[in-house]
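Raw contents of entry31.cif, mmCIF, C-alpha atoms and all ligand atoms:
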data_work
#
loop_
_atom_site.label_atom_id
_atom_site.label_comp_id
_atom_site.auth_asym_id
_atom_site.auth_seq_id
_atom_site.Cartn_x
_atom_site.Cartn_y
_atom_site.Cartn_z
CA MET A 1 76.39 207.88 55.23
CA ILE A 2 73.89 208.59 52.45
CA LYS A 3 70.37 207.50 53.34
CA THR A 4 67.66 207.43 50.70
CA LYS A 5 64.27 205.80 50.10
CA PHE A 6 66.22 202.93 48.51
CA THR A 7 68.45 202.25 51.52
CA GLU A 8 65.48 202.50 53.90
CA MET A 9 63.11 200.32 51.85
CA LEU A 10 65.65 197.55 51.32
CA GLY A 11 67.70 197.78 54.51
CA VAL A 12 71.04 198.22 52.71
CA GLN A 13 73.83 200.54 53.84
CA HIS A 14 74.62 202.37 50.59
CA PRO A 15 72.52 203.51 47.59
CA ILE A 16 74.60 201.42 45.18
CA MET A 17 73.43 198.38 43.25
CA LEU A 18 75.35 195.80 41.25
CA ALA A 19 73.33 195.51 38.00
CA GLY A 20 72.28 192.00 37.01
CA MET A 21 74.62 190.75 34.25
CA ASN A 22 74.30 187.28 32.79
CA TRP A 23 77.31 185.05 33.58
CA ILE A 24 79.08 187.94 35.33
CA THR A 25 77.09 188.40 38.53
CA THR A 26 78.24 185.17 40.15
CA PRO A 27 77.45 184.42 43.81
CA LYS A 28 81.03 185.57 44.59
CA LEU A 29 80.49 189.02 43.01
CA VAL A 30 76.92 189.42 44.32
CA SER A 31 77.91 188.59 47.91
CA ALA A 32 81.02 190.82 47.74
CA VAL A 33 78.80 193.79 46.85
CA CYS A 34 76.26 192.90 49.56
CA ASN A 35 78.98 192.51 52.19
CA ALA A 36 80.40 195.91 51.17
CA GLY A 37 77.01 197.52 51.92
CA GLY A 38 75.54 197.62 48.39
CA LEU A 39 72.77 195.57 46.81
CA GLY A 40 73.99 192.62 44.73
CA ILE A 41 71.78 191.25 41.94
CA LEU A 42 72.20 187.76 40.48
CA ALA A 43 71.25 187.54 36.78
CA THR A 44 69.37 184.28 36.20
CA ALA A 45 68.33 184.37 32.53
CA ALA A 46 71.27 182.21 31.46
CA SER A 47 70.75 179.62 34.21
CA THR A 48 68.63 176.50 34.52
CA PRO A 49 66.21 176.56 37.48
CA GLU A 50 68.51 174.12 39.33
CA GLU A 51 71.49 176.47 38.84
CA THR A 52 69.39 179.43 39.95
CA ARG A 53 68.45 177.65 43.20
CA LYS A 54 72.07 176.59 43.80
CA ASN A 55 73.31 180.15 43.17
CA ILE A 56 70.71 181.67 45.52
CA GLN A 57 71.68 179.21 48.25
CA GLU A 58 75.37 179.92 47.67
CA ILE A 59 74.78 183.67 48.02
CA ARG A 60 72.98 182.97 51.32
CA SER A 61 76.02 181.00 52.53
CA LEU A 62 78.30 183.96 51.72
CA THR A 63 76.23 186.86 53.07
CA ASP A 64 73.34 187.55 55.43
CA LYS A 65 72.53 190.83 53.65
CA PRO A 66 69.59 191.47 51.26
CA PHE A 67 70.16 190.60 47.58
CA GLY A 68 68.11 190.19 44.44
CA ILE A 69 67.77 188.30 41.19
CA ASN A 70 67.39 189.76 37.69
CA GLN A 71 65.38 187.84 35.12
CA ILE A 72 64.70 188.79 31.50
CA LEU A 73 61.03 187.80 31.13
CA ILE A 74 60.95 187.06 27.39
CA GLY A 75 63.64 184.38 27.27
CA PRO A 76 63.81 180.67 28.02
CA GLY A 77 63.34 179.58 31.62
CA ALA A 78 61.87 182.89 32.83
CA LYS A 79 58.78 181.35 34.50
CA GLU A 80 60.79 178.57 36.13
CA ASN A 81 63.56 180.85 37.41
CA VAL A 82 61.10 183.35 38.88
CA ALA A 83 59.23 180.46 40.54
CA VAL A 84 62.49 179.27 42.16
CA ALA A 85 63.29 182.80 43.38
CA ILE A 86 59.79 183.06 44.90
CA GLU A 87 60.10 179.66 46.59
CA GLU A 88 63.44 180.79 47.99
CA LYS A 89 61.85 184.10 49.10
CA VAL A 90 64.53 186.21 47.45
CA PRO A 91 64.15 189.75 48.89
CA ILE A 92 64.22 191.61 45.53
CA ILE A 93 62.98 190.36 42.17
CA ASN A 94 64.26 192.59 39.37
CA TYR A 95 62.85 191.94 35.91
CA SER A 96 63.51 193.35 32.45
CA LEU A 97 61.83 193.04 29.01
CA GLY A 98 58.33 191.76 29.57
CA LYS A 99 55.29 191.96 31.81
CA PRO A 100 55.57 190.74 35.43
CA TRP A 101 52.89 188.22 36.52
CA PHE A 102 54.35 187.60 39.99
CA ILE A 103 54.06 190.90 41.86
CA ASP A 104 51.37 189.74 44.34
CA GLU A 105 53.26 186.51 45.05
CA VAL A 106 56.45 188.42 45.86
CA HIS A 107 54.58 190.90 48.06
CA ALA A 108 52.94 188.00 49.92
CA TYR A 109 56.28 186.99 51.48
CA GLY A 110 57.43 190.58 52.01
CA GLY A 111 59.66 190.78 48.91
CA LYS A 112 59.99 193.77 46.59
CA VAL A 113 59.70 193.95 42.81
CA MET A 114 61.98 196.18 40.74
CA GLY A 115 61.14 196.80 37.08
CA THR A 116 63.89 197.74 34.63
CA VAL A 117 62.80 200.32 32.05
CA ALA A 118 64.44 202.45 29.37
CA LEU A 119 61.36 204.45 28.28
CA ALA A 120 59.28 206.87 30.35
CA ARG A 121 55.98 205.27 29.30
CA HIS A 122 57.20 201.87 30.49
CA ALA A 123 58.06 203.44 33.87
CA ALA A 124 54.51 204.72 34.35
CA ARG A 125 53.11 201.32 33.36
CA ALA A 126 55.39 199.43 35.76
CA GLU A 127 54.27 201.66 38.65
CA GLN A 128 50.61 201.04 37.76
CA LEU A 129 51.24 197.29 37.75
CA GLY A 130 52.47 197.51 41.35
CA CYS A 131 56.29 197.61 41.15
CA ASP A 132 58.00 198.88 44.30
CA MET A 133 60.90 200.54 42.50
CA LEU A 134 62.38 201.01 39.06
CA ALA A 135 65.84 200.71 37.54
CA VAL A 136 65.87 203.38 34.82
CA THR A 137 68.42 202.75 32.08
CA GLY A 138 69.90 205.52 29.93
CA HIS A 139 71.48 205.35 26.48
CA GLU A 140 75.03 205.42 27.95
CA ALA A 141 74.49 202.02 29.56
CA ALA A 142 76.02 198.69 28.65
CA ALA A 143 73.64 196.37 26.80
CA HIS A 144 70.05 197.45 26.21
CA GLY A 145 69.54 201.12 26.95
CA ASP A 146 67.16 202.94 24.58
CA VAL A 147 67.78 206.29 22.88
CA ALA A 148 67.27 208.72 25.82
CA THR A 149 70.32 209.47 27.94
CA SER A 150 70.28 209.27 31.75
CA MET A 151 70.45 213.09 31.96
CA VAL A 152 67.03 213.32 30.28
CA LEU A 153 65.41 210.09 31.41
CA ILE A 154 66.09 210.14 35.17
CA PRO A 155 64.46 213.54 35.96
CA LEU A 156 61.64 212.77 33.53
CA VAL A 157 60.78 209.48 35.23
CA ALA A 158 61.41 210.93 38.70
CA SER A 159 58.70 213.51 38.12
CA MET A 160 56.28 210.92 36.66
CA VAL A 161 56.33 208.22 39.34
CA LYS A 162 56.14 208.11 43.14
CA ILE A 163 58.17 204.93 43.67
CA PRO A 164 61.96 205.14 44.18
CA ILE A 165 64.07 204.99 41.04
CA ILE A 166 67.58 203.67 40.56
CA ALA A 167 69.66 205.38 37.87
CA ALA A 168 71.47 202.97 35.55
CA GLY A 169 73.83 203.82 32.72
CA GLY A 170 77.09 205.72 32.74
CA ILE A 171 77.76 205.77 36.49
CA TYR A 172 81.22 204.83 37.74
CA ASP A 173 82.23 207.29 40.50
CA GLY A 174 81.00 209.49 43.36
CA ARG A 175 80.22 212.41 41.07
CA GLY A 176 77.84 210.16 39.13
CA VAL A 177 76.16 209.10 42.37
CA ALA A 178 75.77 212.71 43.57
CA ALA A 179 74.41 213.77 40.16
CA ALA A 180 71.96 210.86 39.99
CA LEU A 181 70.59 211.74 43.43
CA LEU A 182 70.14 215.37 42.34
CA LEU A 183 68.37 214.25 39.16
CA GLY A 184 65.80 212.49 41.33
CA ALA A 185 67.15 208.95 41.77
CA SER A 186 67.32 207.19 45.15
CA ALA A 187 70.26 205.00 44.16
CA VAL A 188 72.50 204.02 41.26
CA SER A 189 72.98 200.73 39.48
CA MET A 190 76.40 199.99 37.99
CA GLY A 191 77.25 197.21 35.57
CA THR A 192 80.42 198.04 33.65
CA ARG A 193 82.24 199.45 36.71
CA PHE A 194 81.72 196.24 38.70
CA ILE A 195 83.04 194.09 35.81
CA VAL A 196 86.45 195.59 36.55
CA THR A 197 86.79 194.51 40.18
CA GLN A 198 88.84 191.82 41.92
CA GLU A 199 85.78 189.67 42.58
CA SER A 200 84.62 189.69 38.94
CA ASP A 201 85.64 186.55 37.03
CA VAL A 202 85.63 188.28 33.64
CA HIS A 203 88.81 187.41 31.70
CA ASP A 204 91.73 189.81 32.33
CA ASN A 205 91.98 190.60 28.58
CA PHE A 206 88.61 192.31 28.71
CA LYS A 207 89.22 193.99 32.09
CA ASN A 208 92.38 195.45 30.55
CA LEU A 209 90.59 196.49 27.34
CA ILE A 210 88.07 198.40 29.47
CA ILE A 211 90.86 200.10 31.41
CA LYS A 212 92.52 201.20 28.15
CA ALA A 213 89.24 202.33 26.53
CA SER A 214 88.13 205.95 26.18
CA GLU A 215 84.52 207.12 26.40
CA GLN A 216 84.34 206.80 22.61
CA ASP A 217 85.24 203.12 22.58
CA THR A 218 81.79 201.54 22.54
CA LEU A 219 79.49 200.53 19.67
CA TYR A 220 75.67 200.70 19.76
CA SER A 221 73.78 198.46 17.34
CA ASP A 222 71.19 195.68 17.12
CA VAL A 223 73.63 193.47 15.24
CA PHE A 224 75.09 191.91 18.42
CA ASP A 225 72.05 190.14 19.84
CA GLY A 226 69.06 191.38 17.90
CA MET A 227 68.15 194.33 20.16
CA PRO A 228 69.86 197.75 20.12
CA GLY A 229 72.66 197.38 22.63
CA ARG A 230 76.05 198.79 23.59
CA VAL A 231 79.29 196.80 23.56
CA LEU A 232 82.98 197.51 24.05
CA LYS A 233 84.83 198.34 20.83
CA SER A 234 87.13 195.35 20.20
CA PRO A 235 88.35 193.50 17.09
CA GLY A 236 85.54 190.91 17.48
CA ALA A 237 82.81 193.54 17.95
CA GLU A 238 84.03 195.52 14.94
CA ALA A 239 84.06 192.38 12.80
CA ILE A 240 80.44 191.64 13.76
CA MET A 241 79.48 195.25 12.92
CA LYS A 242 81.03 194.81 9.46
CA SER A 243 79.68 191.36 8.61
CA GLY A 244 76.22 191.74 10.20
CA LEU A 245 74.19 188.70 11.13
CA ASN A 246 75.47 185.36 9.87
CA LEU A 247 72.39 183.16 9.64
CA ILE A 248 74.19 179.80 9.77
CA ASP A 249 76.29 180.85 12.79
CA SER A 250 73.13 182.12 14.50
CA MET A 251 71.26 178.85 14.00
CA LYS A 252 74.26 176.87 15.30
CA SER A 253 74.41 179.15 18.36
CA ALA A 254 70.67 178.72 18.99
CA LEU A 255 71.21 174.95 19.20
CA GLU A 256 74.18 175.41 21.54
CA ILE A 257 72.01 177.56 23.85
CA LYS A 258 69.28 174.90 23.75
CA LYS A 259 71.94 172.51 25.08
CA ILE A 260 73.29 174.90 27.75
CA LEU A 261 69.78 175.55 29.09
CA ASN A 262 68.84 171.88 28.87
CA LEU A 263 65.67 172.56 26.83
CA SER A 264 63.63 169.86 25.06
CA THR A 265 62.89 170.51 21.37
CA THR A 266 59.18 171.05 22.15
CA LYS A 267 60.03 173.60 24.85
CA PHE A 268 62.58 175.30 22.62
CA LEU A 269 60.04 175.72 19.79
CA ALA A 270 57.30 176.89 22.19
CA LEU A 271 59.65 179.52 23.61
CA SER A 272 60.63 180.70 20.13
CA LYS A 273 56.92 181.15 19.35
CA ASP A 274 56.34 183.08 22.62
CA MET A 275 59.30 185.36 21.93
CA MET A 276 58.06 186.16 18.43
CA LYS A 277 54.70 187.24 19.90
CA SER A 278 56.31 189.61 22.42
CA GLU A 279 56.96 193.28 21.65
CA GLU A 280 60.72 192.89 21.90
CA GLY A 281 60.98 189.54 20.15
CA LYS A 282 58.85 190.04 17.08
CA SER A 283 61.67 189.71 14.55
CA LEU A 284 61.75 186.22 13.08
CA LEU A 285 65.48 185.90 13.64
CA MET A 286 65.51 187.38 17.13
CA GLN A 287 66.14 184.17 19.01
CA ALA A 288 68.90 183.04 16.67
CA ARG A 289 70.56 186.45 16.89
CA GLN A 290 70.37 186.41 20.69
CA ALA A 291 71.89 182.97 20.77
CA ASN A 292 74.71 184.06 18.49
CA GLY A 293 75.34 187.08 20.72
CA THR A 294 75.41 184.91 23.81
CA ILE A 295 77.99 182.50 22.43
CA LYS A 296 80.27 185.36 21.31
CA HIS A 297 79.80 187.11 24.64
CA LEU A 298 80.91 183.96 26.47
CA LYS A 299 84.00 183.75 24.26
CA ALA A 300 84.95 187.22 25.48
CA LEU A 301 84.27 186.96 29.16
CA ARG A 302 85.44 183.37 29.75
CA GLU A 303 88.20 182.90 27.15
CA GLY A 304 89.26 186.53 26.69
CA ASP A 305 88.94 186.04 22.91
CA GLU A 306 89.28 189.58 21.53
CA LYS A 307 89.04 188.46 17.88
CA GLU A 308 85.84 186.37 18.01
CA GLY A 309 84.13 187.52 21.18
CA PHE A 310 82.46 190.76 22.24
CA MET A 311 81.56 192.21 25.60
CA PHE A 312 78.62 194.40 26.61
CA ALA A 313 79.98 197.61 28.18
CA GLY A 314 78.83 201.20 28.68
CA GLN A 315 80.32 204.58 27.80
CA CYS A 316 81.69 204.83 31.35
CA VAL A 317 84.59 202.59 30.22
CA GLY A 318 86.30 205.96 29.66
CA GLY A 319 86.37 206.59 33.42
CA ILE A 320 87.52 203.17 34.64
CA GLN A 321 91.23 202.94 35.41
CA ASP A 322 91.78 200.37 38.15
CA ILE A 323 90.75 196.96 39.50
CA PRO A 324 89.71 197.51 43.14
CA THR A 325 87.84 195.11 45.41
CA CYS A 326 84.10 195.77 45.60
CA LYS A 327 84.55 197.15 49.13
CA GLU A 328 87.33 199.53 48.09
CA LEU A 329 85.23 200.70 45.15
CA ILE A 330 82.01 201.24 47.12
CA ASP A 331 83.79 202.97 50.03
CA ARG A 332 85.61 205.27 47.60
CA ILE A 333 82.48 206.13 45.60
CA ILE A 334 80.44 206.88 48.72
CA ALA A 335 83.22 209.07 50.18
CA GLU A 336 83.46 210.98 46.87
CA ALA A 337 79.67 211.37 46.65
CA GLU A 338 79.45 212.67 50.23
CA ASN A 339 82.23 215.12 49.48
CA GLU A 340 80.60 216.29 46.23
CA ILE A 341 77.22 216.80 47.89
CA GLU A 342 78.82 218.64 50.83
CA SER A 343 80.91 220.96 48.69
CA ALA A 344 78.42 221.59 45.87
CA ARG A 345 76.95 224.82 47.27
CA GLN A 346 80.37 226.22 48.07
CA LYS A 347 81.69 225.43 44.58
CA ILE A 348 78.72 226.95 42.83
CA SER A 349 78.71 230.22 44.80
CA ALA A 350 82.53 230.59 44.69
C1 LIG B 1 78.01 192.08 30.42
C2 LIG B 1 76.65 192.63 30.74
C3 LIG B 1 75.56 191.76 30.83
C4 LIG B 1 74.29 192.28 31.12
N1 LIG B 1 73.22 191.42 31.28
C5 LIG B 1 72.01 191.92 31.66
C6 LIG B 1 70.92 191.04 31.99
O1 LIG B 1 71.06 189.82 31.96
N2 LIG B 1 69.74 191.59 32.36
C7 LIG B 1 69.56 192.95 32.44
O2 LIG B 1 68.47 193.41 32.78
N3 LIG B 1 70.58 193.80 32.16
C8 LIG B 1 71.79 193.31 31.80
N4 LIG B 1 72.84 194.17 31.57
C9 LIG B 1 72.64 195.61 31.75
C10 LIG B 1 72.93 196.02 33.19
O3 LIG B 1 72.00 195.39 34.06
C11 LIG B 1 72.86 197.54 33.44
O4 LIG B 1 71.62 198.05 33.00
C12 LIG B 1 73.96 198.32 32.75
O5 LIG B 1 75.20 197.65 32.89
C13 LIG B 1 74.07 199.71 33.38
O6 LIG B 1 74.97 200.52 32.66
P1 LIG B 1 76.54 200.68 33.02
O7 LIG B 1 77.18 199.47 32.48
O8 LIG B 1 76.90 201.94 32.34
O9 LIG B 1 76.69 200.76 34.51
C14 LIG B 1 74.12 193.67 31.29
C15 LIG B 1 75.24 194.52 31.21
C16 LIG B 1 76.49 194.00 30.96
C17 LIG B 1 77.70 194.92 30.95
#
Translate the structure of the given file into structure tokens.
Ligand SMILES: Cc1cc2nc3c(=O)[nH]c(=O)nc-3n(C[C@H](O)[C@H](O)[C@H](O)COP(=O)(O)O)c2cc1C
Amino acid sequence: MIKTKFTEMLGVQHPIMLAGMNWITTPKLVSAVCNAGGLGILATAASTPEETRKNIQEIRSLTDKPFGINQILIGPGAKENVAVAIEEKVPIINYSLGKPWFIDEVHAYGGKVMGTVALARHAARAEQLGCDMLAVTGHEAAAHGDVATSMVLIPLVASMVKIPIIAAGGIYDGRGVAAALLLGASAVSMGTRFIVTQESDVHDNFKNLIIKASEQDTLYSDVFDGMPGRVLKSPGAEAIMKSGLNLIDSMKSALEIKKILNLSTTKFLALSKDMMKSEEGKSLLMQARQANGTIKHLKALREGDEKEGFMFAGQCVGGIQDIPTCKELIDRIIAEAENEIESARQKISA
């Protein structure tokens, strides 16, 4: 049993978190991780407030363990989804990209707020604002890590802040967990590794592509959704890298997203204006690019379309070789981590 500030603060068995991933962290996957002793996080940015409430209630019907939601604060529906999570008294509210306005409200019902950061200066700021813990994302990670790798960023942030930090990016086994704890983290967050589990509904084509991939088989660029991000190398991803942003496709995708999220034209335009004002959304084409990325991402994970779609994934694809259940995976990783920690001194002095 590995006990840390993270397990004690949140009342979970193991220092392992399922990272919030839009469309992937379904109630089934979130509750499987919670029931296996980890912390499951439901990503809500791609859901309407009604879907968010339904998903939260479904998680509660599948597990009595603590869980969280992850909301990107600069996109459509952020205010509404956070409000639903607060009404539902979700134990952990994890946010990324943006400034949290809800910390006092979450604390009022005994909940905790977890900021996601990829820069040391953002970590210090999030602690000042009152966050209870931080997910710190390295360059190796799937999706939107920044330029510093976990090896540099985790100890740097650990010595800057007093709140517990959760290492995200590149972790897929017990060695990674042991190393993250030594670097100063209180837990790890895994995205890519949990995509390749029995309870993940990602299309088998992409699970198999991840299993076949080496550590070199990812691409990092802002061409996929407008922000620098990491995806799995696949025919579709390579085609997007070559052709760059297609403006007409992007505009079409933006309208499809408006439909998926059930947004009125007034709301859609107001959100576009808000995004352009934010630090991360200042590019004029940001929203269209994000929409384009979302549609192509859905093609990959739902339809398994390797030619048109692409899938966010981290460098740890190189270390993923099987499709276990979440419980098998968590039990194995914790046993490996305990073993690594136990035998470290012996190995080093031998
Ligand atoms: C398919 C996919 C979708 C993601 N969606 C989100 C998201 O909606 N919000 C967020 O904060 N991070 C998102 N991420 C990033 C993860 O939360 C996490 O930081 C990352 O997966 C950690 O790196 P790893 O994949 O190496 O474990 C996503 C990652 C993947 C693979």
Rank A:Ile210, A:Ile24, A:Leu29, A:Ile103 by their smallest atom-to-atom distance to ligand LIG 1 (chain B), using all atoms listed in the file, and report the top residue only. A:Ile24
Name the closest residue to Glu328 in chain A among the candidates A:Gly11, A:Gly37, A:Pro155, A:Pro27; distances are taken between atoms, counting only C-alpha atoms. A:Gly37
Step by step, measure atom-to-atom distances between ligand LIG 1 (chain B) and each residue using all atoms listed in the file, keep those at most 9 Å, then write them as a PyMOL selection string. chain A and resi 18-25+41-46+70-72+94-97+116-117+135-145+167-172+188-195+230-231+297+301+311-317
Give the answer as one residue: which of A:Ala213, A:Asn205, A:Val30, A:Lys79 has the shortest atom-to-atom distance to Glu303 in chain A, using all atoms listed in the file? A:Asn205
So what do you get for CA of Gly229 in chain A versus CA of Val147 in chain A, distance-wise? 10.2 Å
Within-10 Å shell of (87.6, 195.5, 38.9) in input frame, all atoms listed in the file, as an MDAnalysis selection string: chainID A and resid 192:202 204 207:208 210:211 320:326 329
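For the atom pair formed by CA of Pro100 in chain A and CA of Asp132 in chain A, the distance is 12.3 Å, given to one decimal.
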Can you work out the spacing between CA of Ser343 in chain A and CA of Gln13 in chain A in Å, to one decimal?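 If I compute the distance from CA of Ser343 in chain A to CA of Gln13 in chain A, I get 22.2 Å.
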Using all atoms listed in the file: which of A:Ile334, A:Ala158, A:Tyr109, A:Leu153 has the shortest distance to Ile2 in chain A: A:Ile334
Determine, counting all atoms listed in the file, which protein, DNA and RNA residues have an atom within 12 Å of an atom of Met1 in chain A; residues of the same chain fewer than 3 positions away are not included. Present the result as a list in words. Thr4, Thr7, Val12, Gln13, His14, Pro15, Gly37, Ile330, Asp331, Ile333, Ile334, Ala335, Glu336, Ala337, Glu338, Asn339, Ile341 and Glu342 of chain A
Using all atoms listed in the file, list the residues that have an atom at most 8 Å from (58.1, 194.3, 44.0), coordinates as in the file, as JSON, numbers by chain. {"A": [92, 93, 94, 103, 106, 107, 111, 112, 113, 114, 115, 130, 131, 132, 133]}
The selected residues should be written to file as a PDB file, in the frame of the given file (atoms: C-alpha atoms).
ATOM      1  CA  ILE A  92      64.220 191.610  45.530  1.00  0.00           C
ATOM      2  CA  ILE A  93      62.980 190.360  42.170  1.00  0.00           C
ATOM      3  CA  ASN A  94      64.260 192.590  39.370  1.00  0.00           C
ATOM      4  CA  ILE A 103      54.060 190.900  41.860  1.00  0.00           C
ATOM      5  CA  VAL A 106      56.450 188.420  45.860  1.00  0.00           C
ATOM      6  CA  HIS A 107      54.580 190.900  48.060  1.00  0.00           C
ATOM      7  CA  GLY A 111      59.660 190.780  48.910  1.00  0.00           C
ATOM      8  CA  LYS A 112      59.990 193.770  46.590  1.00  0.00           C
ATOM      9  CA  VAL A 113      59.700 193.950  42.810  1.00  0.00           C
ATOM     10  CA  MET A 114      61.980 196.180  40.740  1.00  0.00           C
ATOM     11  CA  GLY A 115      61.140 196.800  37.080  1.00  0.00           C
ATOM     12  CA  GLY A 130      52.470 197.510  41.350  1.00  0.00           C
ATOM     13  CA  CYS A 131      56.290 197.610  41.150  1.00  0.00           C
ATOM     14  CA  ASP A 132      58.000 198.880  44.300  1.00  0.00           C
ATOM     15  CA  MET A 133      60.900 200.540  42.500  1.00  0.00           C
TER      16      MET A 133
END
Counting all atoms listed in the file, which of A:Ile56, A:Ile165, A:Gln346, A:Pro49 gets nearest to Ala126 in chain A?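 Selected residue with least distance to Ala126 in chain A: A:Ile165.
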Could you put an axis-aligned box around every listed atom of range 121-138 of chain A, padded by 5 Å on each side, and send me its centre and edge lengths in Å to one decimal, as lines of an AutoDock Vina configuration file?
center_x = 60.3
center_y = 201.4
center_z = 36.8
size_x = 29.3
size_y = 18.2
size_z = 25.0
Of the listed residues A:Gly176, A:Gly319, A:Gly236, A:Gly38, that which approaches Gln216 in chain A most closely, counting all atoms listed in the file: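 Comparing A:Gly176, A:Gly319, A:Gly236, A:Gly38 against Gln216 in chain A, the winner is A:Gly319.
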